[in-house]
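Contents: one structure, followed by commentary.
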Protein chains: 2
Amino acid sequence: MAPLPDASAPTEAAPAKAAQKVSPQRRKRVLDAAEELFSQRGFYGVTVRQVAEMAKVDVALPNYYFGSKRGLFDAVFHRRAEVLNRARGDGIDAVVVTAGTARPKVEAILDAFIAPVREAQASSDPGWRNYCRLVAQVNSSAEFAEMMSTHFDDLIEKLLRALRLALPQAKDTELYWAYHLLTGALTLTMANTGRIDRLSHGKVHSENARDAYSHLVTFFARGFTEIAND
Amino acid sequence: MAPLPDASAPTEAAPAKAAQKVSPQRRKRVLDAAEELFSQRGFYGVTVRQVAEMAKVDVALPNYYFGSKRGLFDAVFHRRAEVLNRARGDGIDAVVVTAGTARPKVEAILDAFIAPVREAQASSDPGWRNYCRLVAQVNSSAEFAEMMSTHFDDLIEKLLRALRLALPQAKDTELYWAYHLLTGALTLTMANTGRIDRLSHGKVHSENARDAYSHLVTFFARGFTEIAND
DNA sequence: GTCTATAGCGAGATAGAC
DNA sequence: GTCTATCTCGCTATAGAC
C-alpha cells in the first residue's frame, strides 16, 4: 500500500509574502503537540499551556487558532480522519470493483479496511502513531463517542455493504456483532499500550504493527466467514 | 452463574458503638459516586468536589478517606477487581478440574473467563455497570495501563494455562495474539457505548449484555480452536 | 498575527474548630 | 470523624499592546 499522505501539510501553498496570515508551521506544531498530549492523557488531562509549551508557541495562540481547547481537540481529531478514511473507503471500493460480478473475498475487504490504519501505525511519522492512540481513547470513552459516529459511520456502512456482497447468506445482526468485536480488537491494537508484550514476557512484539494487524485480519476473516455457516 | 457478591459492603461488621470510626455508609457513597463519575469522564475529567457533591458528603472527606484524588481512583479500581477476578479464576479452575485428564473445552474456558463480567454488566446494580466502563477506559489508556497489569495479570496467566491444556498444538505466540484480540473485543463490550445500536439502526441491542457476551464467546471459541489447525 | 498581562474562576489539599 | 475556612496554585480565556 502507498504511504499515507502528510495530513499535516497546509492545504494552500503559503504566499511568498507571508504578511498577515497565520503561520502554517506554528499551527501545525500546535496540532502535533496537542495530538501527542491528548493521545497520552485525554482531553481533560492536558492543558492548553502544556500544548503551547511543547509546540514552542505562545500560550494565547492555540486559543486564537482554534477558538477554545475543545476546538483544538476537534481539529486534531478531524485533521487525519479525513485522509485516513478516504484511503480506507477507496480500498474497499477497489476490492468490490475488482471482484466484478463475483463475490469479493472477505479477507481482501478486511485488509482494505485495515491497511491504512496499519500503515499509519507502522509509519515513521510519530504524528500518525499518536493519532492511532487518540482514536482508541475516543472510541472507548462514553463522552466523546459521538465523534466516532460523525467521522466513521459512512466508512463502516461501506464496509458492511461489501461484507454483505461477500457473505450474502450471513444474517445482518450477526454481521453487526462481528463488526463490533472487530472494532474492539482494532481499537486496542491502535491503543498500542505494549501490554501484550509484557504479558507474553517478550514472546510477542506488538511494536511490529504489520505483524499485529496481519493476525487481526486473518483471525477475523475466518470468523466472518464462519458466520455465514450458521 | 451466581450473582456477584456486593463488593461495596464493608469488610468488617460495624461496631455497635460507632464512636470514632469512619462511617462505612459515607465511605461507600464516596466510592460509588467516584466510580460513576470516573467511568464517564476519566480521572482528569472529574473533580473531588463533584464526587463529594454526588456522594452528599463534605468536600474534605474524600481526601481524608483516601489521601488524595489518585488514592480515591485506585481504591475505586481495586474494590471490585478482587471479587470479579476471584470469580473468574474460580470458574476457570472448575472447568479444568471437571475435565480431569481430558482436554477442557475452549468454549467452557472462555465462558468461565467471561461470565462474571457478563453478570456484572447485566446486574441490576449500577455500580457494577459503571465499573465495567471504568475498566474499559483504563485498559485503553496508555497512562493507567499498569493498573491493568497489577490487577489482571495473574488471572490472564491462568486463562492461558487452561487454553494450553485445551489446545496443546497451538503455538504460544498465536495464543497471545488471540488473547489480545479477545481482550480488545471484551473491553469495547464493557465500555457499553451503545454505538453498535446506533450503527445498526436498532437491529442490535447491546444493552442486553447476555446476548452481547454470548456472541463474543461463540466467535472467539471458534477462533481459538482454529489457531490449533495452523 | 503575535505576545503580555491579567481577569476570573475553580481546582486539590489541609489546618484547625467542633 | 466531620466540617469550615482558606491557602496556594494553575487553569481557560481575553483585552489590549506591539
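By order in the C-alpha cells, chains are A, B, ...; within a chain, residues start at 1; ligands start at 1, following the order shown.
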
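Those residues of chain D that fall within 10 Å of chain B when using only C-alpha atoms (C1' of nucleotides) read DG1, DT2, DC3 and DT4 of chain D.
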
Export of the given selection (C-alpha atoms (C1' of nucleotides)) as a tab-separated table (two decimals), in the first residue's frame:
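Produced file again21.tsv, reproduced below:
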chain	number	residue	atom	x	y	z
D	1	DG	C1'	-14.78	11.73	62.38
D	2	DT	C1'	-16.59	15.64	60.27
D	3	DC	C1'	-16.85	20.29	58.62
D	4	DT	C1'	-15.40	25.29	57.86

Output chain A, superimposed onto chain B using in-order Cα pairs, as a CSV table (one decimal) with C-alpha atoms, in the first residue's frame:
chain,number,residue,atom,x,y,z
A,1,MET,CA,-23.9,-18.4,37.5
A,2,ALA,CA,-24.4,-17.0,41.0
A,3,PRO,CA,-24.7,-13.3,41.2
A,4,LEU,CA,-21.6,-11.4,42.2
A,5,PRO,CA,-21.3,-10.5,45.9
A,6,ASP,CA,-21.7,-7.0,46.9
A,7,ALA,CA,-18.2,-5.7,46.6
A,8,SER,CA,-19.2,-2.5,48.3
A,9,ALA,CA,-20.2,-4.0,51.6
A,10,PRO,CA,-17.9,-3.1,54.5
A,11,THR,CA,-15.5,-6.0,55.3
A,12,GLU,CA,-16.1,-5.8,59.1
A,13,ALA,CA,-19.4,-5.5,60.8
A,14,ALA,CA,-20.0,-1.9,62.0
A,15,PRO,CA,-19.6,-1.7,65.8
A,16,ALA,CA,-22.8,-1.1,67.8
A,17,LYS,CA,-21.3,2.0,69.2
A,18,ALA,CA,-20.1,3.7,66.0
A,19,ALA,CA,-18.3,6.2,68.1
A,20,GLN,CA,-15.1,7.4,66.4
A,21,LYS,CA,-14.9,5.3,63.2
A,22,VAL,CA,-15.3,6.3,59.6
A,23,SER,CA,-18.9,6.0,58.5
A,24,PRO,CA,-19.0,2.9,56.2
A,25,GLN,CA,-22.1,4.3,54.5
A,26,ARG,CA,-20.4,7.6,53.6
A,27,ARG,CA,-17.2,5.9,52.5
A,28,LYS,CA,-19.3,3.6,50.3
A,29,ARG,CA,-21.2,6.6,48.9
A,30,VAL,CA,-17.9,8.3,48.0
A,31,LEU,CA,-16.6,5.2,46.2
A,32,ASP,CA,-19.9,4.7,44.3
A,33,ALA,CA,-20.0,8.4,43.2
A,34,ALA,CA,-16.3,8.3,42.2
A,35,GLU,CA,-16.9,5.1,40.3
A,36,GLU,CA,-19.8,6.6,38.3
A,37,LEU,CA,-18.0,9.8,37.5
A,38,PHE,CA,-14.6,8.4,36.7
A,39,SER,CA,-16.2,5.8,34.5
A,40,GLN,CA,-17.9,8.5,32.5
A,41,ARG,CA,-15.2,11.2,32.3
A,42,GLY,CA,-11.9,9.6,33.3
A,43,PHE,CA,-9.5,10.6,36.1
A,44,TYR,CA,-8.8,14.1,35.0
A,45,GLY,CA,-12.4,14.9,33.9
A,46,VAL,CA,-13.7,14.6,37.5
A,47,THR,CA,-13.1,16.8,40.5
A,48,VAL,CA,-13.1,15.8,44.1
A,49,ARG,CA,-15.8,18.4,44.6
A,50,GLN,CA,-18.1,16.7,42.1
A,51,VAL,CA,-17.6,13.4,43.8
A,52,ALA,CA,-18.3,14.9,47.2
A,53,GLU,CA,-21.4,16.6,45.9
A,54,MET,CA,-22.8,13.4,44.3
A,55,ALA,CA,-22.0,11.4,47.4
A,56,LYS,CA,-23.7,14.0,49.5
A,57,VAL,CA,-20.6,14.3,51.7
A,58,ASP,CA,-18.3,17.1,52.7
A,59,VAL,CA,-15.6,18.1,50.2
A,60,ALA,CA,-12.9,17.3,52.7
A,61,LEU,CA,-14.0,13.7,53.2
A,62,PRO,CA,-12.8,12.0,50.0
A,63,ASN,CA,-9.3,13.3,50.7
A,64,TYR,CA,-9.5,12.3,54.4
A,65,TYR,CA,-10.7,8.8,53.5
A,66,PHE,CA,-8.3,8.1,50.6
A,67,GLY,CA,-5.4,10.5,51.0
A,68,SER,CA,-5.7,12.1,47.6
A,69,LYS,CA,-7.7,12.1,44.4
A,70,ARG,CA,-5.4,9.5,43.0
A,71,GLY,CA,-5.8,7.4,46.1
A,72,LEU,CA,-9.5,7.5,45.6
A,73,PHE,CA,-9.2,6.4,42.0
A,74,ASP,CA,-7.0,3.5,43.0
A,75,ALA,CA,-9.4,2.5,45.7
A,76,VAL,CA,-12.3,2.5,43.2
A,77,PHE,CA,-10.4,0.3,40.8
A,78,HIS,CA,-9.2,-2.1,43.5
A,79,ARG,CA,-12.5,-2.6,45.2
A,80,ARG,CA,-14.3,-4.7,42.7
A,81,ALA,CA,-11.2,-6.1,40.9
A,82,GLU,CA,-10.7,-8.5,43.7
A,83,VAL,CA,-14.1,-10.0,43.8
A,84,LEU,CA,-14.5,-10.0,40.0
A,85,ASN,CA,-11.3,-11.8,39.3
A,86,ARG,CA,-11.6,-14.3,42.1
A,87,ALA,CA,-14.9,-15.4,40.5
A,88,ARG,CA,-13.3,-15.6,37.0
A,89,GLY,CA,-10.3,-17.6,38.3
A,90,ASP,CA,-12.5,-20.0,40.3
A,91,GLY,CA,-14.5,-20.6,37.2
A,92,ILE,CA,-11.5,-21.4,35.1
A,93,ASP,CA,-10.2,-23.8,37.8
A,94,ALA,CA,-13.6,-25.5,37.9
A,95,VAL,CA,-13.5,-26.1,34.1
A,96,VAL,CA,-10.0,-27.6,34.3
A,97,VAL,CA,-10.8,-29.8,37.3
A,98,THR,CA,-14.0,-31.0,35.8
A,99,ALA,CA,-12.3,-32.0,32.6
A,100,GLY,CA,-9.9,-34.2,34.6
A,101,THR,CA,-7.3,-35.9,32.3
A,102,ALA,CA,-9.4,-35.0,29.2
A,103,ARG,CA,-8.9,-31.7,27.4
A,104,PRO,CA,-11.1,-29.0,28.7
A,105,LYS,CA,-13.4,-27.3,26.1
A,106,VAL,CA,-12.3,-24.0,24.7
A,107,GLU,CA,-15.8,-22.6,24.9
A,108,ALA,CA,-16.1,-23.6,28.5
A,109,ILE,CA,-12.9,-21.9,29.4
A,110,LEU,CA,-13.8,-18.7,27.7
A,111,ASP,CA,-17.3,-18.8,29.2
A,112,ALA,CA,-15.8,-19.1,32.7
A,113,PHE,CA,-13.4,-16.2,31.9
A,114,ILE,CA,-16.2,-14.0,30.7
A,115,ALA,CA,-19.3,-15.0,32.8
A,116,PRO,CA,-18.6,-12.8,35.8
A,117,VAL,CA,-18.0,-9.8,33.6
A,118,ARG,CA,-21.3,-10.6,31.8
A,119,GLU,CA,-23.1,-10.8,35.1
A,120,ALA,CA,-21.6,-7.6,36.4
A,121,GLN,CA,-22.8,-5.8,33.3
A,122,ALA,CA,-26.2,-7.4,33.4
A,123,SER,CA,-26.5,-6.7,37.1
A,124,SER,CA,-29.2,-4.5,38.5
A,125,ASP,CA,-26.5,-2.8,40.5
A,126,PRO,CA,-25.4,0.3,38.6
A,127,GLY,CA,-22.1,0.2,40.4
A,128,TRP,CA,-21.1,-2.9,38.6
A,129,ARG,CA,-22.1,-1.5,35.3
A,130,ASN,CA,-20.1,1.6,36.0
A,131,TYR,CA,-17.1,-0.5,37.0
A,132,CYS,CA,-17.2,-2.3,33.7
A,133,ARG,CA,-16.9,1.1,31.9
A,134,LEU,CA,-14.1,2.1,34.1
A,135,VAL,CA,-12.1,-0.9,33.3
A,136,ALA,CA,-12.7,-0.3,29.6
A,137,GLN,CA,-11.3,3.2,29.9
A,138,VAL,CA,-8.3,2.2,31.9
A,139,ASN,CA,-7.4,-0.6,29.6
A,140,SER,CA,-7.2,1.6,26.5
A,141,SER,CA,-5.3,4.4,28.2
A,142,ALA,CA,-1.6,4.5,27.9
A,143,GLU,CA,-1.2,6.3,31.2
A,144,PHE,CA,-3.0,3.9,33.6
A,145,ALA,CA,-2.1,0.7,31.8
A,146,GLU,CA,0.0,-0.6,34.6
A,147,MET,CA,-3.1,-0.8,36.8
A,148,MET,CA,-4.3,-3.5,34.4
A,149,SER,CA,-1.1,-5.5,34.8
A,150,THR,CA,-1.2,-5.2,38.6
A,151,HIS,CA,-4.7,-6.5,38.9
A,152,PHE,CA,-5.3,-8.8,35.9
A,153,ASP,CA,-2.0,-10.5,35.0
A,154,ASP,CA,-2.4,-13.5,37.3
A,155,LEU,CA,-5.9,-14.2,36.0
A,156,ILE,CA,-4.7,-14.0,32.4
A,157,GLU,CA,-1.8,-16.4,33.0
A,158,LYS,CA,-4.4,-18.8,34.4
A,159,LEU,CA,-6.6,-18.4,31.3
A,160,LEU,CA,-3.6,-19.1,29.0
A,161,ARG,CA,-2.6,-22.2,31.0
A,162,ALA,CA,-6.1,-23.5,30.6
A,163,LEU,CA,-6.2,-22.7,26.9
A,164,ARG,CA,-2.9,-24.6,26.4
A,165,LEU,CA,-4.4,-27.7,28.0
A,166,ALA,CA,-7.4,-27.3,25.6
A,167,LEU,CA,-5.2,-26.6,22.5
A,168,PRO,CA,-1.8,-28.3,23.0
A,169,GLN,CA,-1.0,-28.0,19.3
A,170,ALA,CA,-1.5,-24.2,19.3
A,171,LYS,CA,1.6,-22.1,19.1
A,172,ASP,CA,2.1,-19.9,22.1
A,173,THR,CA,2.6,-16.7,20.1
A,174,GLU,CA,-0.7,-17.3,18.4
A,175,LEU,CA,-2.5,-17.8,21.7
A,176,TYR,CA,-1.1,-14.5,22.9
A,177,TRP,CA,-2.3,-12.7,19.7
A,178,ALA,CA,-5.7,-14.3,20.0
A,179,TYR,CA,-5.9,-13.2,23.6
A,180,HIS,CA,-5.0,-9.7,22.6
A,181,LEU,CA,-7.9,-9.6,20.1
A,182,LEU,CA,-10.2,-11.1,22.7
A,183,THR,CA,-9.4,-8.6,25.3
A,184,GLY,CA,-10.0,-5.8,22.8
A,185,ALA,CA,-13.4,-7.1,21.9
A,186,LEU,CA,-14.2,-7.7,25.6
A,187,THR,CA,-13.1,-4.2,26.6
A,188,LEU,CA,-15.3,-2.5,24.0
A,189,THR,CA,-18.2,-4.6,25.1
A,190,MET,CA,-17.5,-3.5,28.7
A,191,ALA,CA,-17.4,0.2,27.6
A,192,ASN,CA,-21.0,-0.2,26.6
A,193,THR,CA,-21.1,3.0,24.5
A,194,GLY,CA,-24.3,2.0,22.6
A,195,ARG,CA,-22.5,2.7,19.4
A,196,ILE,CA,-23.4,-0.6,17.8
A,197,ASP,CA,-27.1,0.0,18.5
A,198,ARG,CA,-27.0,3.3,16.7
A,199,LEU,CA,-25.0,1.9,13.9
A,200,SER,CA,-27.4,-0.9,13.3
A,201,HIS,CA,-30.4,1.4,13.5
A,202,GLY,CA,-31.7,-0.6,16.4
A,203,LYS,CA,-31.2,-4.1,14.9
A,204,VAL,CA,-28.8,-4.9,17.7
A,205,HIS,CA,-29.5,-4.2,21.3
A,206,SER,CA,-26.2,-4.1,23.3
A,207,GLU,CA,-27.9,-3.2,26.5
A,208,ASN,CA,-28.8,-6.9,26.6
A,209,ALA,CA,-25.4,-7.8,28.0
A,210,ARG,CA,-26.0,-11.6,28.0
A,211,ASP,CA,-26.7,-11.5,24.3
A,212,ALA,CA,-23.6,-9.4,23.6
A,213,TYR,CA,-21.4,-11.7,25.6
A,214,SER,CA,-22.8,-14.9,24.1
A,215,HIS,CA,-21.8,-13.6,20.6
A,216,LEU,CA,-18.4,-12.8,22.0
A,217,VAL,CA,-17.8,-16.3,23.5
A,218,THR,CA,-19.1,-18.1,20.4
A,219,PHE,CA,-17.0,-16.1,18.0
A,220,PHE,CA,-13.8,-16.4,19.9
A,221,ALA,CA,-14.2,-20.0,20.8
A,222,ARG,CA,-14.2,-20.8,17.1
A,223,GLY,CA,-11.3,-18.5,16.5
A,224,PHE,CA,-9.2,-20.0,19.2
A,225,THR,CA,-10.0,-23.5,18.1
A,226,GLU,CA,-8.9,-22.8,14.5
A,227,ILE,CA,-5.6,-21.5,15.7
A,228,ALA,CA,-4.6,-25.1,16.5
A,229,ASN,CA,-5.2,-26.1,12.9
A,230,ASP,CA,-2.4,-23.9,11.5

Can you write out as JSON lines which residues of chain D fall within 9 Å of chain C, alongside each residue's closest atom pair and its distance in Å to one decimal, counting only C-alpha atoms (C1' of nucleotides) and ordering rows by chain and ascending residue number?
{"residue": "D:DT2", "atom": "C1'", "partner": "C:DC18", "partner_atom": "C1'", "distance": 8.6}
{"residue": "D:DC3", "atom": "C1'", "partner": "C:DC18", "partner_atom": "C1'", "distance": 8.1}
{"residue": "D:DT4", "atom": "C1'", "partner": "C:DA17", "partner_atom": "C1'", "distance": 7.8}
{"residue": "D:DC7", "atom": "C1'", "partner": "C:DT14", "partner_atom": "C1'", "distance": 8.5}
{"residue": "D:DC9", "atom": "C1'", "partner": "C:DA11", "partner_atom": "C1'", "distance": 8.4}
{"residue": "D:DG10", "atom": "C1'", "partner": "C:DA11", "partner_atom": "C1'", "distance": 8.0}
{"residue": "D:DC11", "atom": "C1'", "partner": "C:DG10", "partner_atom": "C1'", "distance": 8.1}
{"residue": "D:DT14", "atom": "C1'", "partner": "C:DA7", "partner_atom": "C1'", "distance": 8.5}
{"residue": "D:DA17", "atom": "C1'", "partner": "C:DT4", "partner_atom": "C1'", "distance": 7.6}
{"residue": "D:DC18", "atom": "C1'", "partner": "C:DC3", "partner_atom": "C1'", "distance": 8.0}

Write the selection just made, keeping C-alpha atoms (C1' of nucleotides), as a CSV table (one decimal), in the first residue's frame?
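Resulting contents of result-v1.csv:
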chain,number,residue,atom,x,y,z
D,2,DT,C1',-16.6,15.6,60.3
D,3,DC,C1',-16.9,20.3,58.6
D,4,DT,C1',-15.4,25.3,57.9
D,7,DC,C1',-4.1,28.6,51.2
D,9,DC,C1',-1.8,27.0,42.6
D,10,DG,C1',-2.9,26.6,37.8
D,11,DC,C1',-6.4,26.7,34.7
D,14,DT,C1',-9.4,37.5,26.5
D,17,DA,C1',-0.2,46.5,23.5
D,18,DC,C1',3.1,45.8,19.8

Test item, alpha helix (DSSP H) assignment across region 106-144 of chain A, answer as a count of residues only: 31
